[in-house]
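Engineer: Okay, handing you the structure first.
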Amino acid sequence: MAGEEPEHLTRTARGRVQVDPLAALRTPADPPWDVYLTGTVFLDIIFTGLDSAPVRGTESWARGMGSSPGGVANMAAALARLGLRTSLAAAFGDDHYGEYCWDALHQGEGIDLGPSRTVPGWHSPVTVSMAYEGERTMVSHGHEPPPEETAPDFPPRARAAVASLTPGRTAPWIAEAARAGTRIFADVGWDDTGAWDLSALTGLRHCEAFLPNAAEAMRYTGADCPRAAAHALTEHVPLAVVTLGSEGAYAVDRRTGETAEVPAIAVEALDPTGAGDVFVAGFVTGTLAGWPLADRLAFAGLTAALSVQEFGGSLSAPGWSEIGAWWRRVQSAPGQEPMALGRFAFLDGLVPEVLDRPWPLRRAVPTIGFGRSR
């Protein structure tokens with residue numbers, strides 16, 4: 001019927017258009033959440049515009065500064081901004097930092113914090129991040145929350161969950177979620193032990209996909225190149241996705257035999273904080289929506305590229321308004337290669353002609369407390 005919204009576009013009570021990438025797949029029997037996450041929320045303080053790393057015994061002045069929720073909040077916000085119904089289990093301090101992070105995620109991003117808790121007498125973990133020369137240096141401080149405030153062993157029902165694996169540490173919720181039919185996507189941090197033993201990643205056997213970077217993938221497999229490492233990882237997990245930095249990403253799906261490689265999008269990076277989390281969020285979104293593997297890689301790379309052009313991690317994640325603006329801009333720019341444009345042609349049926357939420361999106365601010373409504 002003329003004038004009807006496409007199925008993946010919905011309108012809020014205020015008349016705003018929102019993108020729901022899973023609209024065509026939703027049924028009344030669905031789990032209440034698209035993605036479940038658990039982890040540590042940090043208060044991130046980001047300095048940008050530094051000409052070089054700080055030098056001992058001197059004072060450095062940054063040309064830019066921002067504050068925003070960080071840690072697992074980076075991925076939670078990225079998922080929510082892409083239209084996925086996101087639930088987060090995390091401990092929050094009962095200080096002003098914790099209150100700010102809770103409000104920013106729940107009120108600002110619409111993330112469900114039902115499994116989360118405010119812990120009396122526990123201060124919020126803090127990270128100071130300094131961005132320069134396309135890289136970052138971080139200093140963090142925090143304490144483990146009380147054991148009773150960690151992730152529940154029986155997480156809420158969700159289509160998918162993202163697990164951050166730690167060598168030698170078992171997270172019971174991963175197995176419980178997998179048994180309940182949740183699709184588990186895993187990332188991993190640097191192995192400070194130096195062992196690089198895949199068998200120490202006990203949750204990996206419950207995962208559908210594993211998304212390490214090139215250095216991590218090669219160390220875990222002993223392969224001499226990241227593409228060979230991706231193939232080796234499929235002996236342990238059905239789908240391996242290896243990020244290649246400035247070269248893009250490479251993926252192998254053992255179940256179908258499919259491989260895909262997509263180059264990175266060249267952008268001028270302001271702050272790379274959280275770009276890896278945004279990449280994972282974009283890939284999870286495309287996977288749940290049932291897109292082809294190459295489209296998922298391209299979309300994940302695009303969302304990560306857009307995120308590094310803003311301050312901070314969680315509040316730098318793009319929404320569909322930024323994705324649509326980018327797509328319209330590159331199509332109208334002279335000299336574009338048809339093959340490169342064709343790689344993103346799948347966006348034609350997704351991005352709205354009008355903005356899906358207030359724009360520009362909420363970004364990291366220098367001082368917490370500006371613009372408080374209470």
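Residue names in the structure tokens use chain letters A, B, ... in the order shown, residue numbers from 1 in each chain, and ligand numbers from 1 in the order shown.
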Could you pull out all residues of segment 210-348 of chain A with a DSSP call of alpha helix (DSSP H) and give them as a ChimeraX atom specification?

Structural biologist: /A:214-221,226-233,275-288,293-307,320-332,338-343

Engineer: Would you list the contacts of Val241 of chain A as a list in words, taking every protein, DNA or RNA residue within 10 Å and counting only C-alpha atoms, but skipping same-chain residues closer than 2 positions in sequence?

Structural biologist: Asp187, Ala209, Phe210, Leu211, Pro212, Asn213, Ala214, Ala217, Pro226, Arg227, Ala229, Ala230, His231, Leu233, Thr234, Leu239, Thr243, Leu244, Ala249, Tyr250, Ala251, Val252, Asp253, Thr259, Ala260, Glu261, Val280, Phe283 and Leu297 of chain A

Engineer: For the selection you just gave me, I'd like the residues written to a file as a PDB file, in the first residue's frame, keeping C-alpha atoms.

Structural biologist:
```pdb
ATOM      1  CA  ASP A 187      36.161 -11.995  21.646  1.00  0.00           C
ATOM      2  CA  ALA A 209      31.858 -17.337  16.346  1.00  0.00           C
ATOM      3  CA  PHE A 210      35.261 -16.144  17.565  1.00  0.00           C
ATOM      4  CA  LEU A 211      36.526 -12.664  16.643  1.00  0.00           C
ATOM      5  CA  PRO A 212      40.181 -12.101  17.617  1.00  0.00           C
ATOM      6  CA  ASN A 213      42.552  -9.636  16.012  1.00  0.00           C
ATOM      7  CA  ALA A 214      45.377 -10.798  13.753  1.00  0.00           C
ATOM      8  CA  ALA A 217      44.747 -15.305  16.155  1.00  0.00           C
ATOM      9  CA  PRO A 226      46.184 -14.167   9.917  1.00  0.00           C
ATOM     10  CA  ARG A 227      44.262 -15.873   7.108  1.00  0.00           C
ATOM     11  CA  ALA A 229      45.081 -18.569  11.546  1.00  0.00           C
ATOM     12  CA  ALA A 230      41.399 -18.015  10.729  1.00  0.00           C
ATOM     13  CA  HIS A 231      41.229 -21.398   8.983  1.00  0.00           C
ATOM     14  CA  LEU A 233      40.525 -21.552  14.394  1.00  0.00           C
ATOM     15  CA  THR A 234      37.606 -23.221  12.624  1.00  0.00           C
ATOM     16  CA  LEU A 239      32.965 -19.260  12.405  1.00  0.00           C
ATOM     17  CA  THR A 243      40.413  -8.353  12.107  1.00  0.00           C
ATOM     18  CA  LEU A 244      43.410  -7.162  10.105  1.00  0.00           C
ATOM     19  CA  ALA A 249      38.957  -8.344   8.066  1.00  0.00           C
ATOM     20  CA  TYR A 250      38.895 -11.985   6.967  1.00  0.00           C
ATOM     21  CA  ALA A 251      36.329 -14.645   7.904  1.00  0.00           C
ATOM     22  CA  VAL A 252      35.890 -18.397   7.440  1.00  0.00           C
ATOM     23  CA  ASP A 253      32.654 -20.312   8.034  1.00  0.00           C
ATOM     24  CA  THR A 259      35.329 -17.321   3.128  1.00  0.00           C
ATOM     25  CA  ALA A 260      35.150 -13.538   2.841  1.00  0.00           C
ATOM     26  CA  GLU A 261      37.602 -10.662   2.977  1.00  0.00           C
ATOM     27  CA  VAL A 280      31.770  -6.996  16.867  1.00  0.00           C
ATOM     28  CA  PHE A 283      28.989  -8.279  12.814  1.00  0.00           C
ATOM     29  CA  LEU A 297      32.191  -8.013   7.378  1.00  0.00           C
TER      30      LEU A 297
END
```

Engineer: Taking 3 positions as the minimum chain separation for residues in the same chain, which residues sit within 7 Å of segment 113-129 of chain A when counting only C-alpha atoms? Answer as a count of residues only.

Structural biologist: 27

Engineer: Please determine, counting only C-alpha atoms, which residue among A:Glu208, A:Asp34, A:Glu59, A:Asp191 has the shortest atom-to-atom distance to Ala163 of chain A.

Structural biologist: A:Glu208

Engineer: Counting only C-alpha atoms, what are the residues of segment 237-343 of chain A within 8 Å of segment 67-83 of chain A, and for each of them which pair of atoms is the nearest and at what distance in Å, to one decimal? Sort the table by chain and rising number, as JSON lines.

Structural biologist:
```
{"residue": "A:Gly274", "atom": "CA", "partner": "A:Asn74", "partner_atom": "CA", "distance": 5.8}
{"residue": "A:Asp277", "atom": "CA", "partner": "A:Met75", "partner_atom": "CA", "distance": 4.9}
{"residue": "A:Val278", "atom": "CA", "partner": "A:Ala78", "partner_atom": "CA", "distance": 5.6}
{"residue": "A:Val280", "atom": "CA", "partner": "A:Met75", "partner_atom": "CA", "distance": 7.6}
{"residue": "A:Ala281", "atom": "CA", "partner": "A:Leu79", "partner_atom": "CA", "distance": 5.2}
{"residue": "A:Gly282", "atom": "CA", "partner": "A:Leu79", "partner_atom": "CA", "distance": 7.4}
{"residue": "A:Thr285", "atom": "CA", "partner": "A:Leu82", "partner_atom": "CA", "distance": 7.3}
{"residue": "A:Gly312", "atom": "CA", "partner": "A:Ser68", "partner_atom": "CA", "distance": 6.4}
{"residue": "A:Gly313", "atom": "CA", "partner": "A:Asn74", "partner_atom": "CA", "distance": 5.2}
{"residue": "A:Ser314", "atom": "CA", "partner": "A:Asn74", "partner_atom": "CA", "distance": 3.7}
{"residue": "A:Leu315", "atom": "CA", "partner": "A:Ser68", "partner_atom": "CA", "distance": 6.5}
{"residue": "A:Ala317", "atom": "CA", "partner": "A:Ala78", "partner_atom": "CA", "distance": 5.1}
{"residue": "A:Pro318", "atom": "CA", "partner": "A:Arg81", "partner_atom": "CA", "distance": 6.7}
{"residue": "A:Gly319", "atom": "CA", "partner": "A:Arg81", "partner_atom": "CA", "distance": 4.8}
{"residue": "A:Trp320", "atom": "CA", "partner": "A:Leu82", "partner_atom": "CA", "distance": 6.4}
```

Engineer: For C-alpha atoms, I'd like the residues from the last selection saved as a tab-separated table (two decimals), in the first residue's frame.

Structural biologist:
```
chain	number	residue	atom	x	y	z
A	274	GLY	CA	36.11	0.93	21.37
A	277	ASP	CA	33.71	-3.53	20.17
A	278	VAL	CA	31.79	-1.62	17.51
A	280	VAL	CA	31.77	-7.00	16.87
A	281	ALA	CA	28.41	-5.25	17.32
A	282	GLY	CA	28.11	-4.67	13.58
A	285	THR	CA	23.78	-7.41	13.91
A	312	GLY	CA	35.36	7.84	23.36
A	313	GLY	CA	34.05	4.32	23.07
A	314	SER	CA	30.38	3.87	23.88
A	315	LEU	CA	29.13	7.27	22.73
A	317	ALA	CA	29.21	4.24	18.14
A	318	PRO	CA	27.21	5.16	15.04
A	319	GLY	CA	23.45	4.84	14.67
A	320	TRP	CA	21.55	4.31	11.43
```
